[in-house]
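Dumped structure_36.txt below, it's compact mmCIF, C-alpha atoms:
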```txt
# COMPACT_ATOMS: atom_id res chain seq x y z
CA MET G 1 -22.91 -4.32 18.27
CA ALA G 2 -20.28 -6.09 20.36
CA VAL G 3 -19.48 -9.77 20.00
CA LYS G 4 -21.59 -11.60 22.58
CA SER G 5 -21.60 -15.23 21.56
CA LYS G 6 -18.35 -17.12 22.04
CA THR G 7 -16.65 -18.33 18.88
CA PRO G 8 -15.74 -22.02 18.72
CA TYR G 9 -12.07 -21.20 18.24
CA THR G 10 -9.34 -21.92 20.77
CA LEU G 11 -6.05 -20.70 19.28
CA GLN G 12 -4.41 -17.82 21.16
CA ARG G 13 -3.29 -15.05 18.79
CA ARG G 14 -0.06 -14.27 20.58
CA LYS G 15 1.10 -17.88 20.68
CA VAL G 16 0.19 -18.29 17.01
CA VAL G 17 2.21 -15.27 15.94
CA GLN G 18 5.16 -16.23 18.13
CA ARG G 19 5.15 -19.73 16.63
CA ILE G 20 5.04 -18.40 13.06
CA LEU G 21 7.89 -15.97 13.73
CA GLU G 22 10.09 -18.63 15.35
CA ASP G 23 10.65 -19.91 11.81
CA ARG G 24 10.92 -16.52 10.07
CA GLY G 25 14.60 -16.76 9.14
CA ASP G 26 15.53 -13.50 7.40
CA ALA G 27 11.96 -12.64 6.46
CA ALA G 28 10.73 -9.08 6.78
CA VAL G 29 7.43 -8.57 8.61
CA VAL G 30 4.83 -5.86 8.06
CA THR G 31 2.12 -5.64 10.72
CA GLY G 32 -1.36 -4.21 10.66
CA ILE G 33 -2.70 -1.83 13.29
CA GLY G 34 -3.66 -2.79 16.84
CA ASN G 35 -3.10 -6.21 18.32
CA ALA G 36 -0.97 -7.36 15.37
CA VAL G 37 1.70 -4.82 16.40
CA HIS G 38 1.84 -6.24 19.93
CA ASP G 39 1.70 -9.85 18.75
CA VAL G 40 4.72 -9.37 16.49
CA ALA G 41 6.67 -7.24 18.97
CA SER G 42 6.05 -9.86 21.68
CA ALA G 43 7.92 -12.44 19.60
CA ASN G 44 10.97 -10.23 19.04
CA ASP G 45 11.45 -6.55 18.28
CA ASP G 46 13.38 -7.39 15.12
CA PRO G 47 14.61 -4.43 13.04
CA LYS G 48 13.04 -6.17 10.06
CA ASN G 49 9.60 -5.54 11.60
CA MET G 50 7.61 -2.64 10.20
CA TYR G 51 4.88 -1.79 12.69
CA LEU G 52 2.09 0.08 10.90
CA ALA G 53 0.60 1.20 14.18
CA GLY G 54 -1.87 3.73 12.88
CA ILE G 55 -3.37 2.89 9.53
CA MET G 56 -6.30 0.72 8.44
CA GLY G 57 -6.11 -1.17 5.17
CA GLY G 58 -2.50 -0.55 4.17
CA ALA G 59 -0.45 -3.46 5.50
CA ALA G 60 -0.85 -5.84 2.55
CA MET G 61 0.08 -3.19 -0.01
CA VAL G 62 3.04 -1.86 1.99
CA ALA G 63 4.31 -5.44 2.19
CA PHE G 64 3.71 -5.92 -1.53
CA GLY G 65 5.85 -2.86 -2.29
CA VAL G 66 8.65 -4.33 -0.17
CA ALA G 67 8.17 -7.70 -1.92
CA LEU G 68 8.64 -6.03 -5.33
CA ALA G 69 11.78 -4.23 -4.17
CA GLN G 70 13.22 -7.28 -2.36
CA PRO G 71 12.31 -10.24 -4.59
CA LYS G 72 14.78 -12.63 -2.92
CA ARG G 73 13.44 -12.08 0.58
CA ARG G 74 10.25 -13.51 2.09
CA ILE G 75 7.84 -10.79 3.20
CA LEU G 76 5.19 -11.66 5.79
CA VAL G 77 2.10 -9.65 6.62
CA ILE G 78 0.70 -10.21 10.09
CA THR G 79 -2.56 -8.33 10.37
CA GLY G 80 -6.09 -8.47 11.71
CA ASP G 81 -9.36 -9.16 9.96
CA GLY G 82 -10.61 -5.60 10.46
CA GLU G 83 -7.43 -4.11 9.01
CA LEU G 84 -7.51 -6.32 5.94
CA LEU G 85 -11.22 -5.66 5.34
CA ALA G 86 -10.44 -1.92 5.23
CA GLY G 87 -8.20 -2.52 2.22
CA ILE G 88 -9.91 -5.54 0.72
CA GLY G 89 -9.20 -4.38 -2.85
CA SER G 90 -5.51 -5.07 -2.11
CA LEU G 91 -6.21 -8.79 -2.44
CA ALA G 92 -7.37 -8.26 -6.03
CA THR G 93 -4.28 -6.16 -6.83
CA ILE G 94 -1.90 -8.69 -5.27
CA GLY G 95 -3.73 -11.56 -6.96
CA VAL G 96 -3.15 -9.87 -10.30
CA GLU G 97 0.51 -9.12 -9.61
CA GLN G 98 1.43 -12.60 -8.26
CA PRO G 99 4.40 -11.80 -5.99
CA LYS G 100 6.10 -15.13 -5.25
CA ASN G 101 7.68 -13.94 -2.00
CA LEU G 102 4.63 -12.57 -0.18
CA SER G 103 2.60 -14.32 2.54
CA ILE G 104 -0.39 -12.71 4.19
CA ILE G 105 -1.45 -14.08 7.57
CA VAL G 106 -4.71 -12.76 8.99
CA ILE G 107 -5.17 -13.24 12.72
CA ASP G 108 -8.94 -13.39 12.70
CA ASN G 109 -10.77 -12.77 15.99
CA GLN G 110 -13.91 -11.70 14.07
CA ALA G 111 -13.87 -8.43 15.99
CA TYR G 112 -12.41 -4.94 16.20
CA GLY G 113 -10.39 -5.83 19.29
CA ALA G 114 -8.90 -2.40 19.91
CA THR G 115 -12.18 -0.50 19.95
CA GLY G 116 -14.47 -2.60 22.12
CA ASN G 117 -14.77 -5.92 20.31
CA GLN G 118 -17.44 -4.91 17.83
CA HIS G 119 -18.24 -7.45 15.09
CA THR G 120 -16.28 -7.49 11.87
CA HIS G 121 -17.75 -9.05 8.75
CA THR G 122 -15.68 -12.24 9.11
CA GLY G 123 -17.93 -13.54 11.90
CA ARG G 124 -20.98 -12.79 9.83
CA GLY G 125 -20.38 -14.83 6.74
CA VAL G 126 -17.58 -13.07 4.86
CA ASP G 127 -14.94 -15.63 3.89
CA LEU G 128 -11.53 -13.98 3.48
CA VAL G 129 -9.91 -17.25 2.38
CA GLY G 130 -12.48 -17.52 -0.38
CA ILE G 131 -11.88 -13.93 -1.47
CA ALA G 132 -8.11 -14.51 -1.60
CA ALA G 133 -8.52 -17.75 -3.56
CA ALA G 134 -10.92 -16.11 -5.99
CA SER G 135 -8.44 -13.22 -6.38
CA GLY G 136 -5.73 -15.57 -7.60
CA PHE G 137 -3.61 -16.32 -4.53
CA LYS G 138 -1.56 -19.41 -5.32
CA LYS G 139 -2.19 -21.13 -2.00
CA THR G 140 -4.69 -20.36 0.73
CA ALA G 141 -5.43 -21.94 4.09
CA LEU G 142 -7.88 -21.74 6.96
CA ILE G 143 -6.14 -22.57 10.24
CA THR G 144 -8.17 -23.37 13.36
CA THR G 145 -5.97 -25.80 15.33
CA GLU G 146 -2.34 -26.13 16.42
CA ALA G 147 -1.92 -29.17 14.19
CA GLU G 148 -3.14 -27.20 11.17
CA LEU G 149 -0.78 -24.37 12.06
CA GLU G 150 2.21 -26.73 12.30
CA ALA G 151 1.31 -28.31 8.96
CA GLU G 152 1.01 -24.91 7.30
CA LEU G 153 4.25 -23.36 8.64
CA PRO G 154 6.52 -24.57 5.80
CA ARG G 155 4.09 -23.13 3.25
CA ILE G 156 3.81 -19.81 5.11
CA HIS G 157 7.58 -19.42 4.89
CA ASN G 158 8.50 -21.17 1.63
CA GLN G 159 5.52 -21.76 -0.66
CA PRO G 160 5.87 -19.76 -3.88
CA GLY G 161 3.19 -17.13 -3.37
CA PRO G 162 1.20 -15.13 -3.16
CA TYR G 163 0.20 -17.13 -0.07
CA PHE G 164 -2.76 -16.32 2.17
CA ALA G 165 -3.93 -17.81 5.48
CA VAL G 166 -6.60 -16.95 7.99
CA VAL G 167 -5.93 -18.11 11.53
CA LYS G 168 -9.12 -18.16 13.60
CA VAL G 169 -8.33 -17.17 17.19
CA VAL G 170 -10.23 -16.54 20.40
CA SER G 171 -11.52 -13.02 20.75
CA LYS G 172 -9.55 -12.00 23.80
CA THR G 173 -7.24 -9.04 24.30
CA SER G 174 -3.61 -9.77 25.15
CA PRO G 175 -1.34 -7.43 27.10
CA ARG G 176 0.16 -4.51 25.20
CA ILE G 177 3.83 -4.72 24.30
CA ASN G 178 6.09 -1.71 24.26
CA ALA G 179 6.81 -1.70 20.50
CA PRO G 180 8.54 1.41 19.14
CA LYS G 181 5.83 3.83 18.04
CA ASP G 182 7.73 6.51 16.14
CA GLY G 183 7.14 6.00 12.42
CA THR G 184 10.34 7.63 11.21
CA TYR G 185 12.40 5.51 13.60
CA VAL G 186 10.76 2.17 12.82
CA SER G 187 10.76 2.76 9.07
CA ARG G 188 14.41 3.81 8.86
CA ARG G 189 15.50 0.95 11.09
CA PHE G 190 13.54 -1.44 8.84
CA ARG G 191 14.96 -0.02 5.61
CA ALA G 192 18.53 -0.19 6.86
CA ALA G 193 18.06 -3.79 8.02
CA VAL G 194 16.37 -4.94 4.83
CA THR G 195 18.52 -3.12 2.26
CA GLY G 196 21.83 -3.08 4.13
CA GLU G 197 22.10 0.65 3.44
CA SER G 198 21.82 3.44 5.95
CA ALA G 199 18.52 5.22 5.35
CA MET P 1 -6.58 19.95 -28.88
CA ALA P 2 -3.05 19.07 -29.90
CA THR P 3 -2.52 15.35 -29.34
CA LYS P 4 1.15 15.51 -30.29
CA LYS P 5 1.89 18.00 -27.56
CA LYS P 6 0.28 15.71 -24.99
CA THR P 7 2.48 12.76 -26.02
CA ASP P 8 5.58 14.93 -25.92
CA TRP P 9 5.23 15.97 -22.27
CA SER P 10 4.57 12.38 -21.29
CA LYS P 11 7.81 11.25 -22.96
CA ASP P 12 9.80 13.94 -21.20
CA VAL P 13 8.20 13.14 -17.86
CA PHE P 14 8.99 9.45 -18.34
CA LYS P 15 12.64 10.32 -19.00
CA VAL P 16 12.68 12.36 -15.80
CA LEU P 17 11.21 9.45 -13.82
CA LYS P 18 13.82 7.07 -15.26
CA LYS P 19 16.59 9.53 -14.39
CA ALA P 20 15.25 9.69 -10.83
CA ASP P 21 15.61 5.88 -10.74
CA VAL P 22 11.89 5.28 -10.34
CA GLN P 23 11.32 1.52 -10.49
CA GLN P 24 7.72 1.16 -9.35
CA ILE P 25 4.92 3.05 -11.08
CA ALA P 26 1.53 2.57 -9.41
CA TYR P 27 -1.56 3.94 -11.09
CA VAL P 28 -5.28 4.28 -11.32
CA PRO P 29 -5.82 5.20 -14.96
CA ASP P 30 -6.72 8.62 -16.23
CA ALA P 31 -6.95 9.66 -19.86
CA GLY P 32 -4.21 12.22 -19.21
CA HIS P 33 -1.83 9.50 -18.03
CA THR P 34 -2.46 7.12 -20.95
CA SER P 35 0.94 7.58 -22.60
CA LEU P 36 2.88 7.42 -19.32
CA ILE P 37 1.13 4.20 -18.31
CA LYS P 38 1.91 2.63 -21.71
CA MET P 39 5.57 3.59 -21.38
CA ALA P 40 5.72 2.20 -17.84
CA ILE P 41 4.27 -1.14 -18.97
CA ALA P 42 6.62 -1.33 -21.98
CA ASP P 43 9.78 -0.66 -19.91
CA ASN P 44 11.33 -3.85 -18.51
CA ALA P 45 13.08 -1.99 -15.71
CA ILE P 46 9.79 -0.58 -14.40
CA LYS P 47 7.32 -2.55 -12.30
CA PRO P 48 3.89 -1.18 -13.16
CA VAL P 49 1.21 -1.76 -10.52
CA SER P 50 -2.43 -1.16 -11.42
CA LEU P 51 -4.55 -0.44 -8.36
CA THR P 52 -8.18 -0.84 -7.38
CA SER P 53 -8.00 2.42 -5.41
CA GLU P 54 -5.46 5.20 -5.07
CA GLN P 55 -4.93 4.52 -1.36
CA GLU P 56 -3.21 1.27 -2.33
CA GLY P 57 -0.71 3.36 -4.27
CA VAL P 58 0.46 5.36 -1.26
CA ALA P 59 0.91 2.06 0.60
CA VAL P 60 2.78 0.23 -2.16
CA LEU P 61 5.17 3.16 -2.62
CA ALA P 62 5.81 3.21 1.12
CA GLY P 63 6.82 -0.42 0.71
CA ALA P 64 8.97 0.43 -2.31
CA TRP P 65 10.96 2.89 -0.23
CA LEU P 66 11.18 0.51 2.73
CA GLY P 67 12.64 -2.05 0.32
CA GLY P 68 15.13 0.37 -1.20
CA GLU P 69 13.34 1.49 -4.37
CA ALA P 70 11.74 4.69 -5.60
CA GLY P 71 8.28 4.93 -7.10
CA ALA P 72 5.65 7.28 -8.45
CA LEU P 73 1.85 7.30 -8.20
CA LEU P 74 -0.22 8.38 -11.19
CA MET P 75 -3.85 9.34 -10.67
CA GLN P 76 -6.65 11.71 -11.45
CA SER P 77 -7.67 14.49 -9.07
CA SER P 78 -10.82 12.55 -8.15
CA GLY P 79 -8.53 9.91 -6.62
CA VAL P 80 -6.90 12.37 -4.25
CA GLY P 81 -9.91 12.00 -1.96
CA ASN P 82 -9.07 8.32 -1.63
CA VAL P 83 -5.50 8.79 -0.40
CA ILE P 84 -5.94 11.22 2.49
CA ASN P 85 -5.98 8.73 5.36
CA MET P 86 -3.03 6.80 3.92
CA LEU P 87 -1.05 10.05 3.62
CA GLY P 88 -1.08 10.11 7.41
CA MET P 89 1.19 7.07 7.33
CA ALA P 90 3.55 8.63 4.78
CA ASN P 91 3.63 11.80 6.89
CA GLU P 92 4.28 10.06 10.22
CA CYS P 93 7.02 7.89 8.67
CA ARG P 94 8.32 10.70 6.45
CA PHE P 95 8.21 8.44 3.42
CA PRO P 96 9.24 10.09 0.16
CA LEU P 97 6.14 10.18 -2.05
CA LEU P 98 5.85 11.45 -5.62
CA MET P 99 2.33 11.82 -7.02
CA LEU P 100 1.46 13.00 -10.52
CA VAL P 101 -2.13 14.16 -10.55
CA THR P 102 -4.01 15.04 -13.72
CA MET P 103 -6.73 17.55 -12.95
CA ARG P 104 -10.44 17.33 -13.61
CA GLY P 105 -13.23 19.54 -12.38
CA GLU P 106 -11.72 22.83 -13.46
CA TRP P 107 -10.84 24.25 -16.90
CA GLY P 108 -13.79 23.55 -19.20
CA GLU P 109 -15.14 20.66 -17.14
CA PHE P 110 -18.37 19.23 -18.56
CA ASN P 111 -19.13 16.73 -15.76
CA PRO P 112 -20.47 18.48 -12.65
CA TRP P 113 -19.61 15.46 -10.48
CA GLN P 114 -15.90 16.10 -11.08
CA VAL P 115 -16.01 19.69 -9.85
CA PRO P 116 -16.17 19.28 -6.04
CA MET P 117 -13.08 17.04 -5.72
CA GLY P 118 -11.21 18.88 -8.46
CA GLN P 119 -11.72 22.20 -6.72
CA ALA P 120 -10.72 20.74 -3.34
CA THR P 121 -7.67 18.81 -4.57
CA GLU P 122 -4.96 21.37 -3.91
CA SER P 123 -6.14 22.50 -0.48
CA VAL P 124 -6.87 18.95 0.69
CA LEU P 125 -3.37 17.81 -0.28
CA GLU P 126 -1.79 20.80 1.44
CA ALA P 127 -3.88 20.22 4.56
CA SER P 128 -2.47 16.68 4.61
CA GLY P 129 1.12 17.91 4.57
CA VAL P 130 1.83 17.39 0.86
CA ILE P 131 3.94 19.94 -1.00
CA VAL P 132 2.03 20.89 -4.15
CA HIS P 133 3.55 22.00 -7.46
CA ARG P 134 0.93 23.06 -9.95
CA VAL P 135 1.74 23.29 -13.65
CA ASP P 136 -0.43 24.64 -16.47
CA GLU P 137 2.19 25.03 -19.21
CA PRO P 138 3.09 21.85 -21.17
CA SER P 139 6.72 22.91 -21.62
CA GLU P 140 7.13 23.18 -17.84
CA ILE P 141 5.75 19.79 -16.84
CA ALA P 142 8.95 17.75 -17.14
CA GLU P 143 11.09 20.24 -15.21
CA THR P 144 8.39 20.48 -12.55
CA VAL P 145 8.32 16.69 -12.16
CA GLU P 146 12.12 16.69 -12.00
CA ALA P 147 12.10 19.24 -9.18
CA ALA P 148 9.29 17.36 -7.40
CA ALA P 149 11.19 14.05 -7.67
CA LYS P 150 14.26 15.65 -6.13
CA LEU P 151 12.23 17.14 -3.31
CA ALA P 152 10.47 13.82 -2.72
CA PHE P 153 13.40 11.41 -2.89
CA GLU P 154 16.28 13.58 -1.70
CA GLY P 155 14.32 16.02 0.42
CA GLY P 156 12.33 13.16 1.89
CA ARG P 157 8.88 14.68 1.45
CA MET P 158 5.42 14.03 0.04
CA VAL P 159 5.11 16.00 -3.20
CA ALA P 160 2.28 16.21 -5.71
CA VAL P 161 2.49 17.66 -9.20
CA LEU P 162 -0.93 18.84 -10.33
CA ILE P 163 -1.15 18.89 -14.11
CA GLY P 164 -3.87 21.38 -15.03
CA GLN P 165 -6.91 20.35 -17.04
CA ARG P 166 -6.01 23.08 -19.51
CA VAL P 167 -2.90 21.04 -20.38
CA VAL P 168 -4.52 17.61 -20.26
CA GLY P 169 -7.38 18.81 -22.42
CA PHE P 170 -11.13 18.64 -22.41
CA LYS P 171 -12.57 15.20 -22.08
CA ASP P 172 -14.28 14.29 -25.33
CA TRP P 173 -16.52 11.25 -24.95
CA THR P 174 -17.21 11.16 -28.69
CA LYS P 175 -13.66 9.95 -29.40
```
Would you write the structure of this file as structure tokens?
Amino acid sequence: MAVKSKTPYTLQRRKVVQRILEDRGDAAVVTGIGNAVHDVASANDDPKNMYLAGIMGGAAMVAFGVALAQPKRRILVITGDGELLAGIGSLATIGVEQPKNLSIIVIDNQAYGATGNQHTHTGRGVDLVGIAAASGFKKTALITTEAELEAELPRIHNQPGPYFAVVKVVSKTSPRINAPKDGTYVSRRFRAAVTGESA
Amino acid sequence: MATKKKTDWSKDVFKVLKKADVQQIAYVPDAGHTSLIKMAIADNAIKPVSLTSEQEGVAVLAGAWLGGEAGALLMQSSGVGNVINMLGMANECRFPLLMLVTMRGEWGEFNPWQVPMGQATESVLEASGVIVHRVDEPSEIAETVEAAAKLAFEGGRMVAVLIGQRVVGFKDWTK
């Protein structure tokens, strides 16, 4: 079933992601599939972006692996609600492991935006913030306005983690961005930028 | 079955993993991996990651490599069914991936539910682009893992070592 009723949310996903990444400093970013790739690429095609353009449910754990290997660097996950739901057990694993340098940001449009805007569970009562909090994330937030986003930015980038936020956004598709698609290219560019070694 | 023998191959395999500079060991427990998991937890230079599902392991080790570290995934053959989709990512990105899989559903299996996945494990991995090394002789496990680690980390490939149920032993629920 496609989403018919309008959600009460007004934040635009692309503007939200661009605002978050303005303050990224030397953080590495791992994206989920679909719109998250285009949102992140629209801010800046930084070599420290890993676009996971074709996998459901892996972004949080890929980022956690980077966080373990790069404990001094902030690692941000920018993903969608559908992608996170596909790997929901990751929240339990990350909650147990307590990486201080990991922040997960879910851009939540309550829909599978890339496949026809069908409902995800988040518009039907499933509370991802609650799941993250109950899994042991150190700080969690639900962001629905620009003011809340501004207030949360320092914590997204600096709060000892694991940190988790859901940003509720309007369910509307934004234009595609020409992010590099080739996995071997993006991953080797990322590794070289993050480790300082040639891959 | 000889318990001592089982411990011995685990020790040798652990040495091989250390020599290959493995720093992250992700696992979903299996009885056959008990000793290796204990050694991983006891070693301060290793970051052990216990998983809710094997697919998380393929993802976390992708991250390990992206961040400049090497890792290994320990699981039972029943877990191989859970990693297939995530292997598509490792394949597309040509991430090195070392998996040590203890087999069920074959030699002397008593639980019929283990048989379908156990029998499909090797062909399913190969269909997903994973290079499979199977080992049924305890004395050959460490050298097989050493070769697999080299192929994974230096050859840049997905490699699975299948450790036969004949080596791991029958599951005895009375113990």
Set out as JSON lines a contact list for chain G and chain P with a cut-off of 7 Å, giving each residue of chain G that qualifies its closest atom pair and distance in Å to one decimal, counting only C-alpha atoms, ordered by chain and rising residue number.
```
{"residue": "G:Ile55", "atom": "CA", "partner": "P:Met89", "partner_atom": "CA", "distance": 6.6}
{"residue": "G:Gly58", "atom": "CA", "partner": "P:Ala59", "partner_atom": "CA", "distance": 5.6}
{"residue": "G:Met61", "atom": "CA", "partner": "P:Val60", "partner_atom": "CA", "distance": 4.9}
{"residue": "G:Val62", "atom": "CA", "partner": "P:Gly63", "partner_atom": "CA", "distance": 4.2}
{"residue": "G:Ala63", "atom": "CA", "partner": "P:Gly63", "partner_atom": "CA", "distance": 5.8}
{"residue": "G:Phe64", "atom": "CA", "partner": "P:Val60", "partner_atom": "CA", "distance": 6.3}
{"residue": "G:Gly65", "atom": "CA", "partner": "P:Gly63", "partner_atom": "CA", "distance": 4.0}
{"residue": "G:Val66", "atom": "CA", "partner": "P:Gly63", "partner_atom": "CA", "distance": 4.4}
{"residue": "G:Ala69", "atom": "CA", "partner": "P:Gly67", "partner_atom": "CA", "distance": 5.1}
{"residue": "G:Gln70", "atom": "CA", "partner": "P:Gly67", "partner_atom": "CA", "distance": 5.9}
{"residue": "G:Gly89", "atom": "CA", "partner": "P:Thr52", "partner_atom": "CA", "distance": 5.8}
{"residue": "G:Ser90", "atom": "CA", "partner": "P:Glu56", "partner_atom": "CA", "distance": 6.7}
{"residue": "G:Thr93", "atom": "CA", "partner": "P:Leu51", "partner_atom": "CA", "distance": 5.9}
{"residue": "G:Gly183", "atom": "CA", "partner": "P:Cys93", "partner_atom": "CA", "distance": 4.2}
{"residue": "G:Thr184", "atom": "CA", "partner": "P:Cys93", "partner_atom": "CA", "distance": 4.2}
{"residue": "G:Ser187", "atom": "CA", "partner": "P:Cys93", "partner_atom": "CA", "distance": 6.4}
{"residue": "G:Phe190", "atom": "CA", "partner": "P:Leu66", "partner_atom": "CA", "distance": 6.8}
{"residue": "G:Arg191", "atom": "CA", "partner": "P:Leu66", "partner_atom": "CA", "distance": 4.8}
{"residue": "G:Val194", "atom": "CA", "partner": "P:Gly67", "partner_atom": "CA", "distance": 6.5}
{"residue": "G:Thr195", "atom": "CA", "partner": "P:Gly68", "partner_atom": "CA", "distance": 6.0}
```
Centre and size of axis-aligned box enclosing range 53-70 of chain G plus 6 Å each side, as AutoDock Vina command-line options:
```
--center_x 3.5 --center_y -2.0 --center_z 4.4 --size_x 31.5 --size_y 23.4 --size_z 31.5
```
Residues proximal to (-0.7, 7.1, -21.2) were defined as those with any atom within 12 Å of that point in the file's coordinates, counting only C-alpha atoms. Which are they, as a PyMOL selection string? chain P and resi 3+6-11+13-14+27-42+74-75+102+168
Separation of CA of Gly95 in chain G and CA of Gly136 in chain G, in Å? 4.5 Å
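One finds CA of Gly123 in chain G at 11.9 Å from CA of Val170 in chain G.
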Non-local contacts of Glu146 in chain G (9 Å; all atoms listed in the file; under 5 positions in same chain excluded) as a PyMOL selection string: chain G and resi 11+16+151
Got time to write the residues from that selection, C-alpha atoms, as a compact mmCIF listing (two decimals), in the coordinates of the input?
```
# COMPACT_ATOMS: atom_id res chain seq x y z
CA LEU G 11 -6.05 -20.70 19.28
CA VAL G 16 0.19 -18.29 17.01
CA ALA G 151 1.31 -28.31 8.96
```
Rounded to one decimal, what separation in Å do you get between CA of Leu91 in chain G and CA of Leu68 in chain G? 15.4 Å
Is it possible to get the residues within 10 Å of (15.2, -13.1, 0.7) (coordinates as in the file, counting all atoms listed in the file) written as a list in words? Gly25, Asp26, Ala27, Ala28, Ala67, Gln70, Pro71, Lys72, Arg73, Arg74, Ile75, Asn101 and Val194 of chain G
What's the 10 Å shell around Ile84 in chain P, counting all atoms listed in the file, without same-chain residues fewer than 5 positions away, as a list of chain:residue names?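 The neighbour list is P:Glu54, P:Gln55, P:Val58, P:Gly79, P:Met89, P:Val124, P:Leu125, P:Ala127, P:Ser128, P:Gly129.
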Which polymer residues have any atom within 10 Å of an atom of Thr144 in chain G, counting only C-alpha atoms, with same-chain residues fewer than 5 positions away left out, as a list in words?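 Final neighbour list, sorted by chain and number: Pro8, Tyr9, Thr10, Leu11, Leu149, Val166, Val167, Lys168 and Val169 of chain G.
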Rank P:Asn111, P:Ala142, P:Lys15, P:Ile131 by their smallest atom-to-atom distance to Arg157 in chain P, using all atoms listed in the file, and report the top residue only.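 Under the stated criterion, the closest residue is P:Ile131.
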Would you fill out range 134-148 of chain P with N, CA and C atoms and return it as a PDB file, in the frame of the given file?
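What landed in out06.pdb:
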```pdb
ATOM      1  N   ARG P 134       1.950  23.055  -8.901  1.00  0.00           N
ATOM      2  CA  ARG P 134       0.930  23.060  -9.950  1.00  0.00           C
ATOM      3  C   ARG P 134       1.548  23.525 -11.259  1.00  0.00           C
ATOM      4  N   VAL P 135       1.173  22.887 -12.361  1.00  0.00           N
ATOM      5  CA  VAL P 135       1.740  23.290 -13.650  1.00  0.00           C
ATOM      6  C   VAL P 135       0.635  23.335 -14.706  1.00  0.00           C
ATOM      7  N   ASP P 136       0.607  24.443 -15.446  1.00  0.00           N
ATOM      8  CA  ASP P 136      -0.430  24.640 -16.470  1.00  0.00           C
ATOM      9  C   ASP P 136       0.179  24.846 -17.858  1.00  0.00           C
ATOM     10  N   GLU P 137       1.504  24.801 -17.949  1.00  0.00           N
ATOM     11  CA  GLU P 137       2.190  25.030 -19.210  1.00  0.00           C
ATOM     12  C   GLU P 137       2.901  23.730 -19.615  1.00  0.00           C
ATOM     13  N   PRO P 138       2.526  23.152 -20.775  1.00  0.00           N
ATOM     14  CA  PRO P 138       3.090  21.850 -21.170  1.00  0.00           C
ATOM     15  C   PRO P 138       4.624  21.811 -21.128  1.00  0.00           C
ATOM     16  N   SER P 139       5.251  22.906 -21.541  1.00  0.00           N
ATOM     17  CA  SER P 139       6.720  22.910 -21.620  1.00  0.00           C
ATOM     18  C   SER P 139       7.362  22.892 -20.225  1.00  0.00           C
ATOM     19  N   GLU P 140       6.566  23.133 -19.190  1.00  0.00           N
ATOM     20  CA  GLU P 140       7.130  23.180 -17.840  1.00  0.00           C
ATOM     21  C   GLU P 140       6.853  21.913 -17.019  1.00  0.00           C
ATOM     22  N   ILE P 141       6.144  20.966 -17.625  1.00  0.00           N
ATOM     23  CA  ILE P 141       5.750  19.790 -16.840  1.00  0.00           C
ATOM     24  C   ILE P 141       6.956  18.940 -16.450  1.00  0.00           C
ATOM     25  N   ALA P 142       7.818  18.639 -17.424  1.00  0.00           N
ATOM     26  CA  ALA P 142       8.950  17.750 -17.140  1.00  0.00           C
ATOM     27  C   ALA P 142       9.871  18.342 -16.069  1.00  0.00           C
ATOM     28  N   GLU P 143      10.177  19.628 -16.199  1.00  0.00           N
ATOM     29  CA  GLU P 143      11.090  20.240 -15.210  1.00  0.00           C
ATOM     30  C   GLU P 143      10.425  20.303 -13.831  1.00  0.00           C
ATOM     31  N   THR P 144       9.110  20.457 -13.827  1.00  0.00           N
ATOM     32  CA  THR P 144       8.390  20.480 -12.550  1.00  0.00           C
ATOM     33  C   THR P 144       8.434  19.098 -11.893  1.00  0.00           C
ATOM     34  N   VAL P 145       8.254  18.059 -12.701  1.00  0.00           N
ATOM     35  CA  VAL P 145       8.320  16.690 -12.160  1.00  0.00           C
ATOM     36  C   VAL P 145       9.738  16.397 -11.671  1.00  0.00           C
ATOM     37  N   GLU P 146      10.730  16.900 -12.402  1.00  0.00           N
ATOM     38  CA  GLU P 146      12.120  16.690 -12.000  1.00  0.00           C
ATOM     39  C   GLU P 146      12.396  17.329 -10.635  1.00  0.00           C
ATOM     40  N   ALA P 147      11.917  18.551 -10.465  1.00  0.00           N
ATOM     41  CA  ALA P 147      12.100  19.240  -9.180  1.00  0.00           C
ATOM     42  C   ALA P 147      11.327  18.511  -8.071  1.00  0.00           C
ATOM     43  N   ALA P 148      10.123  18.056  -8.399  1.00  0.00           N
ATOM     44  CA  ALA P 148       9.290  17.360  -7.400  1.00  0.00           C
ATOM     45  C   ALA P 148       9.943  16.035  -6.992  1.00  0.00           C
TER      46      ALA P 148
END
```
